[in-house]
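> Structure file start-v5.csv (CSV, C-alpha atoms) is given on the next line.
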chain,number,residue,atom,x,y,z
A,8,MET,CA,18.2,-201.2,44.1
A,9,ASP,CA,14.4,-201.0,44.3
A,10,ILE,CA,12.8,-202.7,41.3
A,11,GLN,CA,10.6,-199.6,40.7
A,12,ILE,CA,13.5,-197.2,40.7
A,13,LYS,CA,15.5,-199.5,38.5
A,14,ALA,CA,12.7,-199.6,36.0
A,15,SER,CA,12.3,-195.8,36.2
A,16,PHE,CA,16.0,-195.4,35.4
A,17,LYS,CA,15.7,-197.7,32.4
A,18,LYS,CA,12.6,-195.8,31.2
A,19,GLU,CA,14.4,-192.4,31.5
A,20,ILE,CA,17.5,-193.6,29.7
A,21,LEU,CA,15.5,-195.2,26.9
A,22,ALA,CA,13.3,-192.1,26.5
A,23,PHE,CA,16.4,-189.8,26.4
A,24,THR,CA,18.3,-192.0,23.9
A,25,ARG,CA,15.5,-193.3,21.6
A,26,THR,CA,14.0,-189.9,21.0
A,27,LYS,CA,17.5,-188.8,19.9
A,28,MET,CA,17.4,-185.9,22.4
A,29,CYS,CA,20.7,-187.1,23.9
A,30,LEU,CA,22.4,-187.2,20.5
A,31,ILE,CA,21.0,-183.8,19.4
A,32,ILE,CA,22.1,-182.1,22.7
A,33,ALA,CA,25.6,-183.7,22.4
A,34,LEU,CA,26.0,-182.6,18.8
A,35,VAL,CA,24.9,-179.0,19.6
A,36,ILE,CA,27.1,-178.6,22.7
A,37,ILE,CA,30.3,-180.3,21.3
A,38,GLY,CA,29.7,-178.9,17.9
A,39,MET,CA,29.5,-175.3,19.3
A,40,SER,CA,32.7,-175.8,21.2
A,41,ILE,CA,34.5,-176.8,18.0
A,42,PHE,CA,32.8,-174.4,15.6
A,43,SER,CA,33.4,-171.3,17.7
A,44,PRO,CA,37.3,-171.3,17.5
A,45,VAL,CA,37.2,-172.5,13.9
A,46,MET,CA,35.0,-169.6,13.0
A,47,LEU,CA,37.3,-167.1,14.7
A,48,ARG,CA,40.3,-168.5,12.9
A,49,GLY,CA,38.5,-168.5,9.6
A,50,LEU,CA,37.3,-164.9,10.1
A,51,SER,CA,40.9,-163.8,10.9
A,52,LEU,CA,42.2,-165.5,7.7
A,53,LEU,CA,39.4,-163.9,5.7
A,54,MET,CA,40.2,-160.4,6.9
A,55,ASP,CA,43.9,-161.1,6.3
A,56,ALA,CA,43.1,-162.0,2.7
A,57,MET,CA,40.9,-158.9,2.2
A,58,SER,CA,43.3,-156.5,3.9
A,59,ASP,CA,44.2,-154.8,0.6
A,60,ILE,CA,40.5,-154.2,-0.2
A,61,TYR,CA,40.0,-152.7,3.2
A,62,GLU,CA,43.0,-150.4,2.7
A,63,ASP,CA,41.5,-149.2,-0.6
A,64,PHE,CA,38.5,-148.0,1.4
A,65,GLY,CA,40.8,-146.3,4.0
A,66,MET,CA,40.1,-149.0,6.7
A,67,ASP,CA,42.9,-150.4,8.8
A,68,VAL,CA,41.8,-153.8,10.1
A,69,SER,CA,45.2,-155.0,11.2
A,70,LEU,CA,44.3,-154.5,14.9
A,71,ILE,CA,41.1,-156.4,14.6
A,72,THR,CA,42.9,-159.2,12.7
A,73,GLU,CA,45.6,-159.3,15.3
A,74,GLN,CA,43.0,-159.7,18.1
A,75,LEU,CA,41.1,-162.4,16.2
A,76,ASN,CA,44.3,-164.3,15.6
A,77,SER,CA,46.0,-163.5,18.8
A,78,SER,CA,45.9,-166.8,20.8
A,79,ALA,CA,44.3,-170.1,21.4
A,80,LEU,CA,43.5,-169.0,25.0
A,81,GLN,CA,41.2,-166.2,23.9
A,82,ALA,CA,39.5,-168.5,21.3
A,83,THR,CA,38.9,-171.1,24.0
A,84,ALA,CA,37.4,-168.6,26.4
A,85,SER,CA,35.1,-167.3,23.7
A,86,ALA,CA,34.0,-170.8,22.8
A,87,MET,CA,33.3,-171.6,26.5
A,88,VAL,CA,31.1,-168.5,26.9
A,89,GLU,CA,29.1,-169.3,23.7
A,90,THR,CA,28.8,-173.0,24.6
A,91,ALA,CA,27.5,-172.1,28.1
A,92,GLN,CA,24.8,-169.8,26.6
A,93,ILE,CA,23.6,-171.7,23.5
A,94,GLY,CA,24.3,-175.2,24.9
A,95,LEU,CA,22.3,-174.5,28.1
A,96,LEU,CA,19.4,-173.0,26.1
A,97,VAL,CA,19.2,-176.1,23.8
A,98,PHE,CA,19.6,-178.5,26.7
A,99,LEU,CA,16.8,-177.0,28.7
A,100,LEU,CA,14.4,-176.8,25.8
A,101,LEU,CA,15.0,-180.3,24.6
A,102,ILE,CA,14.4,-182.0,28.0
A,103,ASN,CA,11.1,-180.2,28.5
A,104,GLY,CA,9.3,-183.5,27.9
A,105,PHE,CA,11.2,-185.1,30.7
A,106,ALA,CA,11.0,-182.1,33.1
A,107,GLY,CA,7.3,-182.3,33.9
A,108,GLY,CA,6.1,-182.2,30.3
A,109,GLU,CA,4.8,-185.7,30.6
A,110,GLN,CA,2.4,-184.5,33.3
A,111,LYS,CA,0.7,-182.1,30.9
A,112,LYS,CA,0.0,-185.0,28.5
A,113,ARG,CA,-1.2,-187.0,31.5
A,114,SER,CA,1.1,-189.9,30.5
A,115,THR,CA,1.8,-190.5,34.1
A,116,ILE,CA,-1.7,-191.8,34.8
A,117,ILE,CA,-1.0,-195.5,34.0
A,118,PRO,CA,2.4,-195.6,35.7
A,119,ARG,CA,0.9,-194.0,38.8
A,120,SER,CA,-2.0,-196.4,38.7
A,121,ALA,CA,0.5,-199.2,38.6
A,122,GLY,CA,2.2,-198.0,41.7
A,123,LEU,CA,4.8,-195.4,40.5
A,124,GLY,CA,6.0,-193.5,43.5
A,125,SER,CA,7.4,-190.0,43.8
A,126,MET,CA,10.9,-191.2,44.4
A,127,GLY,CA,10.9,-193.5,41.4
A,128,TYR,CA,9.6,-190.6,39.3
A,129,ILE,CA,12.0,-187.9,40.5
A,130,LEU,CA,15.3,-189.7,41.4
A,131,PRO,CA,16.3,-190.9,37.8
A,132,LYS,CA,15.7,-187.4,36.4
A,133,PHE,CA,18.0,-185.8,38.9
A,134,ILE,CA,20.8,-188.2,38.1
A,135,ILE,CA,20.6,-188.9,34.4
A,136,TYR,CA,20.1,-185.3,33.0
A,137,PRO,CA,22.4,-183.4,35.4
A,138,LEU,CA,25.2,-185.9,34.9
A,139,THR,CA,24.8,-185.7,31.1
A,140,ALA,CA,25.0,-181.9,31.4
A,141,PHE,CA,28.2,-182.2,33.4
A,142,VAL,CA,29.9,-184.6,31.1
A,143,LEU,CA,29.0,-182.6,28.0
A,144,GLY,CA,30.1,-179.3,29.6
A,145,TYR,CA,33.4,-180.8,30.5
A,146,LEU,CA,33.9,-182.4,27.1
A,147,ALA,CA,33.0,-179.2,25.4
A,148,ALA,CA,35.6,-177.3,27.3
A,149,MET,CA,38.3,-179.9,26.4
A,150,ALA,CA,37.2,-179.9,22.8
A,151,SER,CA,37.4,-176.1,22.4
A,152,GLY,CA,40.9,-176.1,24.0
A,153,LEU,CA,42.1,-178.9,21.9
A,154,VAL,CA,40.9,-177.4,18.6
A,155,SER,CA,42.1,-173.9,19.5
A,156,SER,CA,45.6,-175.3,20.4
A,157,VAL,CA,45.8,-176.9,16.9
A,158,ILE,CA,44.6,-174.1,14.7
A,159,PHE,CA,46.1,-171.1,16.4
A,160,ALA,CA,49.8,-170.4,16.1
A,161,ASN,CA,50.1,-169.0,19.6
A,162,ASN,CA,49.2,-172.0,21.8
A,163,ASP,CA,49.2,-170.4,25.3
A,164,ILE,CA,46.6,-172.8,26.8
A,165,VAL,CA,47.6,-174.1,30.3
A,166,TRP,CA,45.9,-177.5,30.4
A,167,ASN,CA,46.0,-177.8,34.2
A,168,ASN,CA,43.7,-174.7,34.2
A,169,MET,CA,41.6,-176.2,31.4
A,170,PHE,CA,40.9,-179.4,33.4
A,171,ILE,CA,39.7,-177.4,36.4
A,172,ALA,CA,37.7,-174.9,34.3
A,173,GLY,CA,36.0,-177.8,32.5
A,174,VAL,CA,34.7,-179.1,35.9
A,175,PHE,CA,33.2,-175.8,36.8
A,176,ALA,CA,31.7,-175.4,33.3
A,177,GLY,CA,30.0,-178.8,33.8
A,178,ILE,CA,28.7,-177.9,37.3
A,179,TYR,CA,27.2,-174.7,35.8
A,180,LEU,CA,25.1,-176.6,33.4
A,181,MET,CA,24.2,-179.1,36.1
A,182,LEU,CA,22.9,-176.4,38.3
A,183,TYR,CA,20.4,-174.9,35.8
A,184,VAL,CA,19.3,-178.4,34.6
A,185,CYS,CA,18.4,-179.2,38.3
A,186,LEU,CA,16.6,-175.9,38.6
A,187,HIS,CA,14.6,-176.7,35.5
A,188,LEU,CA,13.8,-180.3,36.6
A,189,ALA,CA,12.6,-179.1,40.0
A,190,LEU,CA,10.4,-176.2,38.7
A,191,GLY,CA,9.1,-178.3,35.8
A,192,THR,CA,8.2,-181.4,37.7
A,193,ALA,CA,6.7,-179.4,40.6
A,194,THR,CA,4.4,-177.3,38.4
A,195,GLY,CA,3.9,-179.6,35.4
A,196,LYS,CA,4.7,-176.6,33.2
A,197,ALA,CA,8.0,-177.5,31.6
A,198,GLY,CA,7.8,-174.7,29.0
A,199,VAL,CA,7.5,-172.0,31.7
A,200,SER,CA,10.2,-173.6,33.7
A,201,SER,CA,12.7,-173.6,30.8
A,202,ALA,CA,11.9,-170.0,30.1
A,203,VAL,CA,12.5,-169.0,33.7
A,204,CYS,CA,15.8,-170.8,33.8
A,205,ILE,CA,17.0,-169.4,30.5
A,206,VAL,CA,16.1,-165.8,31.5
A,207,GLY,CA,17.7,-166.4,34.9
A,208,ALA,CA,20.9,-167.7,33.3
A,209,LEU,CA,21.1,-164.6,31.2
A,210,LEU,CA,20.2,-162.0,33.9
A,211,LEU,CA,21.5,-163.4,37.2
A,212,PRO,CA,25.2,-162.9,36.5
A,213,ASN,CA,24.6,-159.3,35.5
A,214,ILE,CA,22.3,-158.6,38.5
A,215,PHE,CA,24.9,-160.0,40.9
A,216,ALA,CA,27.7,-158.0,39.2
A,217,LEU,CA,25.7,-154.8,39.7
A,218,MET,CA,25.1,-155.7,43.4
A,219,ASP,CA,28.7,-156.5,43.8
A,220,PRO,CA,30.8,-154.0,41.8
A,221,GLY,CA,34.0,-154.9,43.7
A,222,GLY,CA,33.7,-158.6,42.8
A,223,GLU,CA,34.1,-159.8,46.4
A,224,ILE,CA,30.9,-161.9,46.3
A,225,MET,CA,30.9,-162.7,42.5
A,226,SER,CA,33.6,-165.4,42.8
A,227,TYR,CA,31.4,-167.3,45.4
A,228,ASN,CA,28.3,-167.0,43.2
A,229,PRO,CA,27.2,-170.5,42.0
A,230,PHE,CA,25.0,-168.9,39.2
A,231,SER,CA,28.1,-167.4,37.6
A,232,LEU,CA,30.3,-170.5,37.5
A,233,ASN,CA,30.6,-170.1,33.7
A,234,ILE,CA,32.3,-166.7,34.3
A,235,THR,CA,34.5,-168.3,36.9
A,236,ALA,CA,35.5,-171.1,34.5
A,237,VAL,CA,36.6,-168.6,31.9
A,238,SER,CA,38.6,-166.7,34.6
A,239,ILE,CA,40.4,-170.0,35.5
A,240,VAL,CA,41.2,-170.5,31.8
A,241,TYR,CA,42.9,-167.2,31.8
A,242,GLY,CA,44.9,-168.3,34.9
A,243,GLU,CA,43.3,-166.1,37.6
A,244,GLU,CA,43.8,-167.4,41.1
A,245,VAL,CA,40.2,-168.0,42.0
A,246,VAL,CA,40.2,-171.8,42.5
A,247,ALA,CA,39.5,-171.6,46.2
A,248,ASP,CA,36.6,-169.2,45.8
A,249,ALA,CA,35.3,-171.2,42.8
A,250,ALA,CA,35.4,-174.4,44.9
A,251,MET,CA,33.2,-172.7,47.5
A,252,ALA,CA,30.8,-171.6,44.7
A,253,ALA,CA,30.8,-175.2,43.4
A,254,LEU,CA,29.9,-176.5,46.9
A,255,PHE,CA,27.0,-173.9,47.0
A,256,ALA,CA,25.9,-175.2,43.6
A,257,VAL,CA,25.8,-178.8,44.8
A,258,GLY,CA,23.9,-177.7,47.9
A,259,ILE,CA,21.3,-176.0,45.7
A,260,MET,CA,21.0,-179.1,43.5
A,261,VAL,CA,20.4,-181.3,46.5
A,262,ALA,CA,17.8,-178.8,47.8
A,263,MET,CA,16.1,-178.8,44.4
A,264,PHE,CA,15.8,-182.6,44.4
A,265,PHE,CA,14.0,-182.6,47.8
A,266,ILE,CA,11.8,-179.7,46.8
A,267,ALA,CA,10.8,-181.6,43.7
A,268,LEU,CA,10.2,-184.7,45.7
A,269,PHE,CA,8.1,-182.9,48.3
A,270,ALA,CA,6.1,-181.2,45.5
A,271,GLN,CA,5.3,-184.6,44.0
A,272,ASN,CA,4.2,-186.0,47.3
A,273,ALA,CA,2.0,-182.9,48.0
A,274,ARG,CA,0.2,-182.5,44.7
A,275,ARG,CA,-1.7,-184.6,42.3
A,276,VAL,CA,-1.5,-184.5,38.5
A,277,ASP,CA,-4.7,-183.1,37.1
A,278,ASN,CA,-6.2,-186.2,35.4
A,279,SER,CA,-9.6,-184.6,34.6
A,280,GLY,CA,-10.9,-184.8,31.1
A,281,ASN,CA,-11.9,-187.6,28.7
A,282,GLU,CA,-8.9,-187.6,26.5
A,283,ILE,CA,-6.2,-190.2,27.3
A,284,LEU,CA,-2.7,-189.6,25.9
A,285,ILE,CA,0.0,-192.1,26.5
Show how you would write the structure in this file as structure tokens.

Amino acid sequence: MDIQIKASFKKEILAFTRTKMCLIIALVIIGMSIFSPVMLRGLSLLMDAMSDIYEDFGMDVSLITEQLNSSALQATASAMVETAQIGLLVFLLLINGFAGGEQKKRSTIIPRSAGLGSMGYILPKFIIYPLTAFVLGYLAAMASGLVSSVIFANNDIVWNNMFIAGVFAGIYLMLYVCLHLALGTATGKAGVSSAVCIVGALLLPNIFALMDPGGEIMSYNPFSLNITAVSIVYGEEVVADAAMAALFAVGIMVAMFFIALFAQNARRVDNSGNEILI
């Protein structure tokens, strides 16, 4: 491996771990996957305990309680949806400093003066952060399934489906992390990049759903892999379509890497001004 790229990998890993960003992201994503089913189970127990009080007010909460306490499968699916939304938001915001944020502080001046090239700057980012997102997304899916299977009486989780769904949940996080890295490093505006990616993650699945009411294209949509992952958890036969969507996602990630690399070769960081921040 090239010495410069090796040093850049070391720099990114140390920056990600020593700033505690990696630990915070892991705690949030894994914590959400555990907290969500526990919260659902606790809410169902609380409503059971207060059923007499609700009856005194003429309220029948038995149906709601039954739904909350119905199965480990539903709790797992709910946890995966919440983890994909909140976990992605936290991940994108916390890596702003590594997704072009250092350009705004002009802390790339000295490394570039010492010979840092575009490949050494871009490649480690597109390996370390997307792989971290994939691992955490997969572990979060497994954690939510394991916790749900323990605390819910009706353990209807099919683990073969869970293993596959975890892979697609991880790829979903990878895709948006790569989009954030490409846009952030290309423009040097990491805050804007994270905002665009977060809004896109919230709106794109709904937009594609409106454009495709029959669902023929939805299963091939790489930007809705979180929905596909939940469908797989429920046992729907969409694995072949999901595999195609995952391939599209990988293709987009590779394209984002080359776009970011091209942008770094084509532009120069604005080093004007007298203030030097390292």
> Find the spatial neighbours of Leu188 in chain A, counting only C-alpha atoms, within a cut-off of 9 Å - ignore same-chain residues fewer than 4 positions away - and output them as a list in words.
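My reading of the contact set: Ile102, Asn103, Phe105, Ala106, Gly107, Ile129, Lys132, Phe133, Tyr136, Tyr183, Val184, Thr192, Ala193, Ala197, Ser200, Ser201, Met263, Phe264 and Ala267 of chain A.
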> Interatomic distance between CA of Val261 in chain A and CA of Phe175 in chain A?
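Going from CA of Val261 in chain A over to CA of Phe175 in chain A covers 17.0 Å.
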> Record the distance separating CA of Gly198 in chain A and CA of Ile31 in chain A, expressed in Å with one decimal.
18.7 Å
> Tell me, in Å to one decimal, how far CA of Phe215 in chain A is from CA of Tyr227 in chain A.
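CA of Tyr227 in chain A lies at a distance of 10.8 Å from CA of Phe215 in chain A.
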> Rank A:Phe170, A:Ser156, A:Gly127, A:Val88 by their smallest atom-to-atom distance to Ile10 in chain A, using only C-alpha atoms, and report the top residue only.
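Nearest candidate to Ile10 in chain A out of A:Phe170, A:Ser156, A:Gly127, A:Val88: A:Gly127.
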> Compute the distance from (35.5, -173.0, 44.3) to each atom, counting all atoms listed in the file, keep the residues with any atom at most 9 Å away, and return them as number ranges by chain; use the coordinates of the file.
A: 175, 226-227, 229, 232, 235, 245-255
> Rank A:Leu210, A:Ala262, A:Ala256, A:Leu101 by their smallest atom-to-atom distance to Gly177 in chain A, using all atoms listed in the file, and report the top residue only.
A:Ala256
> When distances are computed from all atoms listed in the file, which of A:Ser78, A:Thr194, A:Ser238, A:Thr90 shows the smallest separation from Phe269 in chain A?
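Among the listed residues, A:Thr194 lies closest to Phe269 in chain A.
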> Identify which of the residues A:Ala14, A:Leu21, A:Met39, A:Ala91 lies closest to Gly144 in chain A, counting all atoms listed in the file when measuring atom-to-atom distances.
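Checking each candidate against Gly144 in chain A, we get A:Ala91 as the closest.
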> Neighbours of Lys13 in chain A within 12 Å (all atoms listed in the file; same-chain residues fewer than 3 positions away dropped), as a list in words?
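Skipping anything fewer than 3 positions along the chain leaves Met8, Asp9, Ile10, Phe16, Lys17, Lys18, Glu19, Ile20, Leu123, Met126, Gly127, Tyr128, Leu130 and Pro131 of chain A.
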> Find the residue from A:Ile171, A:Leu190, A:Ile12, A:Ala33 that sits nearest to Val142 in chain A; use only C-alpha atoms when measuring.
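Counting only C-alpha atoms, the residue closest to Val142 in chain A is A:Ala33.
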> Find the residue from A:Ala79, A:Ile164, A:Leu182, A:Leu34 that sits nearest to Ala208 in chain A; use all atoms listed in the file when measuring.
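Smallest separation from Ala208 in chain A among the options: A:Leu182.
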> Around all the atoms of range 189-201 of chain A listed in the file, draw an axis-aligned box and extend it by 5 Å on each of the six sides; I want its centre and edge lengths in Å to one decimal, as AutoDock Vina command-line options.

--center_x 8.3 --center_y -176.7 --center_z 34.8 --size_x 18.8 --size_y 19.4 --size_z 21.6
> Could you add N, CA and C atoms to range 170-192 of chain A and give me the result as a PDB file, in the frame of the given file?

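Once written, rebuild.pdb looks like this:
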ATOM      1  N   PHE A 170      41.563-178.245  32.701  1.00  0.00           N
ATOM      2  CA  PHE A 170      40.900-179.400  33.400  1.00  0.00           C
ATOM      3  C   PHE A 170      40.022-178.898  34.505  1.00  0.00           C
ATOM      4  N   ILE A 171      40.521-177.922  35.262  1.00  0.00           N
ATOM      5  CA  ILE A 171      39.700-177.400  36.400  1.00  0.00           C
ATOM      6  C   ILE A 171      38.540-176.582  35.852  1.00  0.00           C
ATOM      7  N   ALA A 172      38.777-175.756  34.827  1.00  0.00           N
ATOM      8  CA  ALA A 172      37.700-174.900  34.300  1.00  0.00           C
ATOM      9  C   ALA A 172      36.592-175.795  33.685  1.00  0.00           C
ATOM     10  N   GLY A 173      36.960-176.927  33.076  1.00  0.00           N
ATOM     11  CA  GLY A 173      36.000-177.800  32.500  1.00  0.00           C
ATOM     12  C   GLY A 173      35.019-178.367  33.588  1.00  0.00           C
ATOM     13  N   VAL A 174      35.560-178.640  34.771  1.00  0.00           N
ATOM     14  CA  VAL A 174      34.700-179.100  35.900  1.00  0.00           C
ATOM     15  C   VAL A 174      33.690-178.080  36.268  1.00  0.00           C
ATOM     16  N   PHE A 175      34.104-176.826  36.389  1.00  0.00           N
ATOM     17  CA  PHE A 175      33.200-175.800  36.800  1.00  0.00           C
ATOM     18  C   PHE A 175      32.174-175.447  35.687  1.00  0.00           C
ATOM     19  N   ALA A 176      32.607-175.576  34.430  1.00  0.00           N
ATOM     20  CA  ALA A 176      31.700-175.400  33.300  1.00  0.00           C
ATOM     21  C   ALA A 176      30.581-176.460  33.364  1.00  0.00           C
ATOM     22  N   GLY A 177      30.963-177.694  33.685  1.00  0.00           N
ATOM     23  CA  GLY A 177      30.000-178.800  33.800  1.00  0.00           C
ATOM     24  C   GLY A 177      29.037-178.587  34.959  1.00  0.00           C
ATOM     25  N   ILE A 178      29.559-178.120  36.098  1.00  0.00           N
ATOM     26  CA  ILE A 178      28.700-177.900  37.300  1.00  0.00           C
ATOM     27  C   ILE A 178      27.706-176.768  36.990  1.00  0.00           C
ATOM     28  N   TYR A 179      28.140-175.762  36.223  1.00  0.00           N
ATOM     29  CA  TYR A 179      27.200-174.700  35.800  1.00  0.00           C
ATOM     30  C   TYR A 179      26.028-175.198  35.080  1.00  0.00           C
ATOM     31  N   LEU A 180      26.267-176.061  34.108  1.00  0.00           N
ATOM     32  CA  LEU A 180      25.100-176.600  33.400  1.00  0.00           C
ATOM     33  C   LEU A 180      24.279-177.511  34.250  1.00  0.00           C
ATOM     34  N   MET A 181      24.898-178.284  35.130  1.00  0.00           N
ATOM     35  CA  MET A 181      24.200-179.100  36.100  1.00  0.00           C
ATOM     36  C   MET A 181      23.190-178.332  36.906  1.00  0.00           C
ATOM     37  N   LEU A 182      23.661-177.195  37.400  1.00  0.00           N
ATOM     38  CA  LEU A 182      22.900-176.400  38.300  1.00  0.00           C
ATOM     39  C   LEU A 182      21.554-175.951  37.653  1.00  0.00           C
ATOM     40  N   TYR A 183      21.638-175.424  36.437  1.00  0.00           N
ATOM     41  CA  TYR A 183      20.400-174.900  35.800  1.00  0.00           C
ATOM     42  C   TYR A 183      19.531-176.084  35.313  1.00  0.00           C
ATOM     43  N   VAL A 184      20.117-177.221  34.988  1.00  0.00           N
ATOM     44  CA  VAL A 184      19.300-178.400  34.600  1.00  0.00           C
ATOM     45  C   VAL A 184      18.495-178.840  35.862  1.00  0.00           C
ATOM     46  N   CYS A 185      19.125-178.853  37.035  1.00  0.00           N
ATOM     47  CA  CYS A 185      18.400-179.200  38.300  1.00  0.00           C
ATOM     48  C   CYS A 185      17.313-178.233  38.599  1.00  0.00           C
ATOM     49  N   LEU A 186      17.587-176.957  38.405  1.00  0.00           N
ATOM     50  CA  LEU A 186      16.600-175.900  38.600  1.00  0.00           C
ATOM     51  C   LEU A 186      15.364-176.174  37.704  1.00  0.00           C
ATOM     52  N   HIS A 187      15.659-176.484  36.459  1.00  0.00           N
ATOM     53  CA  HIS A 187      14.600-176.700  35.500  1.00  0.00           C
ATOM     54  C   HIS A 187      13.795-177.976  35.853  1.00  0.00           C
ATOM     55  N   LEU A 188      14.479-179.039  36.249  1.00  0.00           N
ATOM     56  CA  LEU A 188      13.800-180.300  36.600  1.00  0.00           C
ATOM     57  C   LEU A 188      12.887-180.038  37.850  1.00  0.00           C
ATOM     58  N   ALA A 189      13.396-179.300  38.829  1.00  0.00           N
ATOM     59  CA  ALA A 189      12.600-179.100  40.000  1.00  0.00           C
ATOM     60  C   ALA A 189      11.372-178.228  39.738  1.00  0.00           C
ATOM     61  N   LEU A 190      11.557-177.127  39.038  1.00  0.00           N
ATOM     62  CA  LEU A 190      10.400-176.200  38.700  1.00  0.00           C
ATOM     63  C   LEU A 190       9.447-176.916  37.774  1.00  0.00           C
ATOM     64  N   GLY A 191       9.970-177.636  36.776  1.00  0.00           N
ATOM     65  CA  GLY A 191       9.100-178.300  35.800  1.00  0.00           C
ATOM     66  C   GLY A 191       8.281-179.400  36.367  1.00  0.00           C
ATOM     67  N   THR A 192       8.909-180.277  37.151  1.00  0.00           N
ATOM     68  CA  THR A 192       8.200-181.400  37.700  1.00  0.00           C
ATOM     69  C   THR A 192       7.227-180.946  38.835  1.00  0.00           C
TER      70      THR A 192
END
